Amino acid sequence: MTLFADLLGAPGARTVCLVHSLGADGGMWAEQVPVLLAAGYRVLRIDLRGHGGSTASPGAYSMAMLGNDLAFVLKRLALGPVDYVGLSLGGMSGQALALDHPGLLRSIVICDALPESLPNADAIWGPRLAAVRAAGSVQPVAQATIERWLTPAFAAANPARWAEILGTIEATTPDGYCGCVEAIMRFSHVVRLPSLALPTLVLCGEDDHAVPPAEGQRIAKLVPNGRFTAIAGARHLPNVEKPGDFNRVLLEWLGG
């Protein structure tokens, strides 16, 4: 199996590691990369297995497995402790990374992510898994996915970016999608989060239909000294929908 990552910026600069949601890839952070580079940071984007440039392995994945993948890349690149920013699946696998490999991180930003599987996970994900497996493609669930992620107003104002993100969802490998869904359906970090000794910021789109902001608030309460911020006017991808607000909060956090 191959894991893909890209590293931008000046060698030796403080590194910010960005990890995407289910059905996305490093391109999800297009609105953040130039801002972070301009602020003097190095930027590492990692594609989770079965997404973007990373190959898929068959079968169910676990959050621990995905966290170990991230740890492997960070150790291989020997960047020293990084500031981690993960959204949705990137925020859930990032929790696993932080809990299992805390020495690799200096801080963590968890965006639009759950602390554990929802109680109705089977009802939510079962039909999506069945559709993807039957088609051998993520295409049957792609349109509904992007509509949960971004508002109609964003689609109307940014048709090219909408089409780009939709294309990325459709191009996700079915093994990678299904494997990661299995991880989302079967995990809990709730018991361990109170032991997380890293500076932690939790962000969420105020109108997120996929991950209710209350779940982000729950993470922030579980983690010692966790902070929570909601991004107004955004659904599941506040970094894309409201990049000005998202980037301001992120740079203030990194600077603090």
# chains A, B, ... in the order shown; residues from 1 in each chain; ligands from 1

$ closest_atom_pairs --of "segment 109-198 of chain A" --to "segment 22-32 of chain A" --cutoff "10 Å" --atoms "only C-alpha atoms" --output "tab-separated table"
residue	atom	partner	partner_atom	distance
A:Val138	CA	A:Gly23	CA	8.3
A:Ala142	CA	A:Gly23	CA	8.4
A:Thr145	CA	A:Gly23	CA	8.7
A:Ile146	CA	A:Gly23	CA	9.6
A:Arg161	CA	A:Met28	CA	9.9
A:Glu164	CA	A:Gly27	CA	9.1
A:Ile165	CA	A:Ala24	CA	7.3
A:Leu166	CA	A:Ala24	CA	8.9
A:Gly167	CA	A:Ala24	CA	9.3
A:Thr168	CA	A:Ala24	CA	5.8
A:Ile169	CA	A:Gly23	CA	4.6
A:Glu170	CA	A:Gly23	CA	7.7
A:Ala171	CA	A:Gly23	CA	8.2
A:Thr172	CA	A:Gly23	CA	5.7
A:Thr173	CA	A:Gly23	CA	8.6
A:Pro174	CA	A:Gly23	CA	9.6
A:Gly176	CA	A:Gly23	CA	8.6
A:Tyr177	CA	A:Gly23	CA	6.5
A:Cys178	CA	A:Leu22	CA	9.7
A:Cys180	CA	A:Leu22	CA	7.1
A:Val181	CA	A:Leu22	CA	7.9
A:Ile184	CA	A:Leu22	CA	9.5

$ write_last_selection --atoms "C-alpha atoms" --output "PDB file, in the first residue's frame"
ATOM      1  CA  VAL A 138     -18.718   6.176  -4.941  1.00  0.00           C
ATOM      2  CA  ALA A 142     -21.545  11.717  -4.314  1.00  0.00           C
ATOM      3  CA  THR A 145     -22.573  13.970   0.070  1.00  0.00           C
ATOM      4  CA  ILE A 146     -21.619  17.335  -1.391  1.00  0.00           C
ATOM      5  CA  ARG A 161     -15.045  24.682  -6.939  1.00  0.00           C
ATOM      6  CA  GLU A 164     -14.015  20.067  -8.439  1.00  0.00           C
ATOM      7  CA  ILE A 165     -15.021  18.770  -4.995  1.00  0.00           C
ATOM      8  CA  LEU A 166     -17.805  16.631  -6.480  1.00  0.00           C
ATOM      9  CA  GLY A 167     -15.292  15.098  -8.891  1.00  0.00           C
ATOM     10  CA  THR A 168     -12.969  14.239  -6.020  1.00  0.00           C
ATOM     11  CA  ILE A 169     -15.784  12.468  -4.156  1.00  0.00           C
ATOM     12  CA  GLU A 170     -16.688  10.473  -7.282  1.00  0.00           C
ATOM     13  CA  ALA A 171     -13.028   9.510  -7.836  1.00  0.00           C
ATOM     14  CA  THR A 172     -12.563   8.054  -4.337  1.00  0.00           C
ATOM     15  CA  THR A 173     -11.843   4.320  -4.500  1.00  0.00           C
ATOM     16  CA  PRO A 174     -14.792   2.189  -3.345  1.00  0.00           C
ATOM     17  CA  GLY A 176     -11.120   3.277   0.481  1.00  0.00           C
ATOM     18  CA  TYR A 177     -14.562   4.777   0.970  1.00  0.00           C
ATOM     19  CA  CYS A 178     -16.096   1.608   2.424  1.00  0.00           C
ATOM     20  CA  CYS A 180     -13.133   4.317   6.112  1.00  0.00           C
ATOM     21  CA  VAL A 181     -16.907   4.191   6.607  1.00  0.00           C
ATOM     22  CA  ILE A 184     -16.511   5.772  11.323  1.00  0.00           C
TER      23      ILE A 184
END

$ select_by_dssp --residues "segment 64-150 of chain A" --states "helix (DSSP H, G or I)" --output "MDAnalysis selection string"
chainID A and resid 64:77 89:100 102:104 121:135 139:149

$ closest_atom_pairs --of "segment 97-170 of chain A" --to "segment 190-201 of chain A" --cutoff "12 Å" --atoms "only C-alpha atoms" --output "CSV"
residue,atom,partner,partner_atom,distance
A:Leu97,CA,A:Leu196,CA,10.8
A:Ala98,CA,A:Leu196,CA,7.4
A:Leu99,CA,A:Leu196,CA,6.3
A:Asp100,CA,A:Leu196,CA,9.8
A:His101,CA,A:Leu196,CA,10.6
A:Pro102,CA,A:Leu198,CA,7.6
A:Gly103,CA,A:Leu198,CA,9.5
A:Leu104,CA,A:Leu198,CA,10.6
A:Leu105,CA,A:Leu198,CA,7.7
A:Arg106,CA,A:Leu198,CA,6.6
A:Ser107,CA,A:Pro199,CA,4.9
A:Ile108,CA,A:Thr200,CA,5.1
A:Val109,CA,A:Leu201,CA,4.8
A:Ile110,CA,A:Leu201,CA,6.3
A:Cys111,CA,A:Leu201,CA,8.4
A:Asp112,CA,A:Leu201,CA,11.3
A:Ala113,CA,A:Leu201,CA,11.8
A:Leu114,CA,A:Val190,CA,9.7
A:Pro115,CA,A:Val190,CA,5.9
A:Glu116,CA,A:Val190,CA,6.5
A:Ser117,CA,A:Val190,CA,10.1

$ write_last_selection --atoms "C-alpha atoms" --output "short mmCIF file (atom, residue, chain, number, x, y, z; two decimals), in the first residue's frame"
data_model
loop_
_atom_site.label_atom_id
_atom_site.label_comp_id
_atom_site.auth_asym_id
_atom_site.auth_seq_id
_atom_site.Cartn_x
_atom_site.Cartn_y
_atom_site.Cartn_z
CA LEU A 97 -3.08 9.82 16.14
CA ALA A 98 -2.99 12.24 19.07
CA LEU A 99 -3.99 9.58 21.61
CA ASP A 100 -1.65 6.85 20.33
CA HIS A 101 1.31 9.01 19.20
CA PRO A 102 1.14 12.27 21.21
CA GLY A 103 4.84 13.01 20.78
CA LEU A 104 4.34 13.61 17.05
CA LEU A 105 2.04 16.62 17.60
CA ARG A 106 2.41 20.01 19.25
CA SER A 107 -1.29 20.91 18.93
CA ILE A 108 -4.47 19.63 17.26
CA VAL A 109 -7.42 21.31 15.55
CA ILE A 110 -10.42 18.97 15.24
CA CYS A 111 -12.98 20.20 12.70
CA ASP A 112 -16.54 18.90 12.16
CA ALA A 113 -15.73 15.54 13.74
CA LEU A 114 -17.29 13.08 16.16
CA PRO A 115 -15.76 11.77 19.41
CA GLU A 116 -17.40 8.38 18.78
CA SER A 117 -19.75 6.65 16.35
#

$ closest_residue --among "A:Ser93, A:Gln143, A:Ser54, A:Ser188" --to "Leu66 of chain A" --atoms "only C-alpha atoms"
A:Ser93

$ residues_around --residues "Gly244 of chain A" --least-positions-apart "4" --cutoff "12 Å" --atoms "only C-alpha atoms" --output "list in words"
Glu31, Gln32, Val35, Ile231, Ala232, Gly233, Ala234, Pro238, Asn239, Val240, Arg248, Val249, Leu250 and Leu251 of chain A

$ write_last_selection --atoms "N, CA and C atoms" --output "compact mmCIF listing (two decimals), in the first residue's frame"
# COMPACT_ATOMS: atom_id res chain seq x y z
N GLU A 31 -7.90 26.38 -0.01
CA GLU A 31 -8.12 27.72 0.53
C GLU A 31 -7.20 28.04 1.71
N GLN A 32 -6.56 27.00 2.27
CA GLN A 32 -5.68 27.22 3.43
C GLN A 32 -4.20 27.27 3.06
N VAL A 35 -2.41 30.68 2.37
CA VAL A 35 -2.44 31.54 3.56
C VAL A 35 -1.41 31.07 4.58
N ILE A 231 -18.30 28.24 13.11
CA ILE A 231 -18.15 29.12 11.95
C ILE A 231 -19.54 29.36 11.36
N ALA A 232 -20.02 30.58 11.43
CA ALA A 232 -21.37 30.91 10.97
C ALA A 232 -21.49 30.77 9.46
N GLY A 233 -22.67 30.33 9.01
CA GLY A 233 -22.96 30.27 7.58
C GLY A 233 -22.31 29.13 6.84
N ALA A 234 -21.81 28.13 7.58
CA ALA A 234 -21.11 27.01 6.94
C ALA A 234 -21.73 25.69 7.36
N PRO A 238 -16.38 24.13 6.59
CA PRO A 238 -16.23 25.57 6.82
C PRO A 238 -14.95 26.13 6.23
N ASN A 239 -13.92 25.28 6.07
CA ASN A 239 -12.67 25.74 5.49
C ASN A 239 -12.83 26.14 4.02
N VAL A 240 -13.80 25.51 3.34
CA VAL A 240 -14.07 25.83 1.93
C VAL A 240 -15.14 26.91 1.81
N ARG A 248 -8.73 32.87 9.63
CA ARG A 248 -8.45 33.81 10.73
C ARG A 248 -8.37 33.06 12.06
N VAL A 249 -9.35 32.19 12.31
CA VAL A 249 -9.35 31.42 13.56
C VAL A 249 -8.12 30.52 13.64
N LEU A 250 -7.79 29.88 12.50
CA LEU A 250 -6.65 28.97 12.48
C LEU A 250 -5.34 29.70 12.74
N LEU A 251 -5.12 30.83 12.07
CA LEU A 251 -3.87 31.57 12.26
C LEU A 251 -3.77 32.13 13.67

$ residues_around --residues "Val33 of chain A" --least-positions-apart "5" --cutoff "9 Å" --atoms "only C-alpha atoms" --output "ChimeraX atom specification"
/A:8,38,43

$ select_by_dssp --residues "segment 158-226 of chain A" --states "strand (DSSP E or B)" --output "list in words"
Ser188, Thr200, Leu201, Val202, Leu203, Cys204 and Gly205 of chain A

$ closest_residue --among "A:Gly256, A:Pro58, A:Leu118, A:Pro243" --to "Glu215 of chain A" --atoms "only C-alpha atoms"
A:Leu118

$ closest_residue --among "A:Pro34, A:Gly40, A:Gly50, A:Gly136" --to "Pro11 of chain A" --atoms "only C-alpha atoms"
A:Gly40

$ closest_residue --among "A:Arg133, A:Ser21, A:His209, A:Phe228" --to "Gly59 of chain A" --atoms "only C-alpha atoms"
A:Arg133

$ closest_residue --among "A:Ser62, A:Thr55, A:Thr15, A:Thr229" --to "Phe187 of chain A" --atoms "only C-alpha atoms"
A:Ser62

$ closest_residue --among "A:Arg49, A:His189, A:Arg128, A:Arg76" --to "Gln95 of chain A" --atoms "only C-alpha atoms"
A:His189
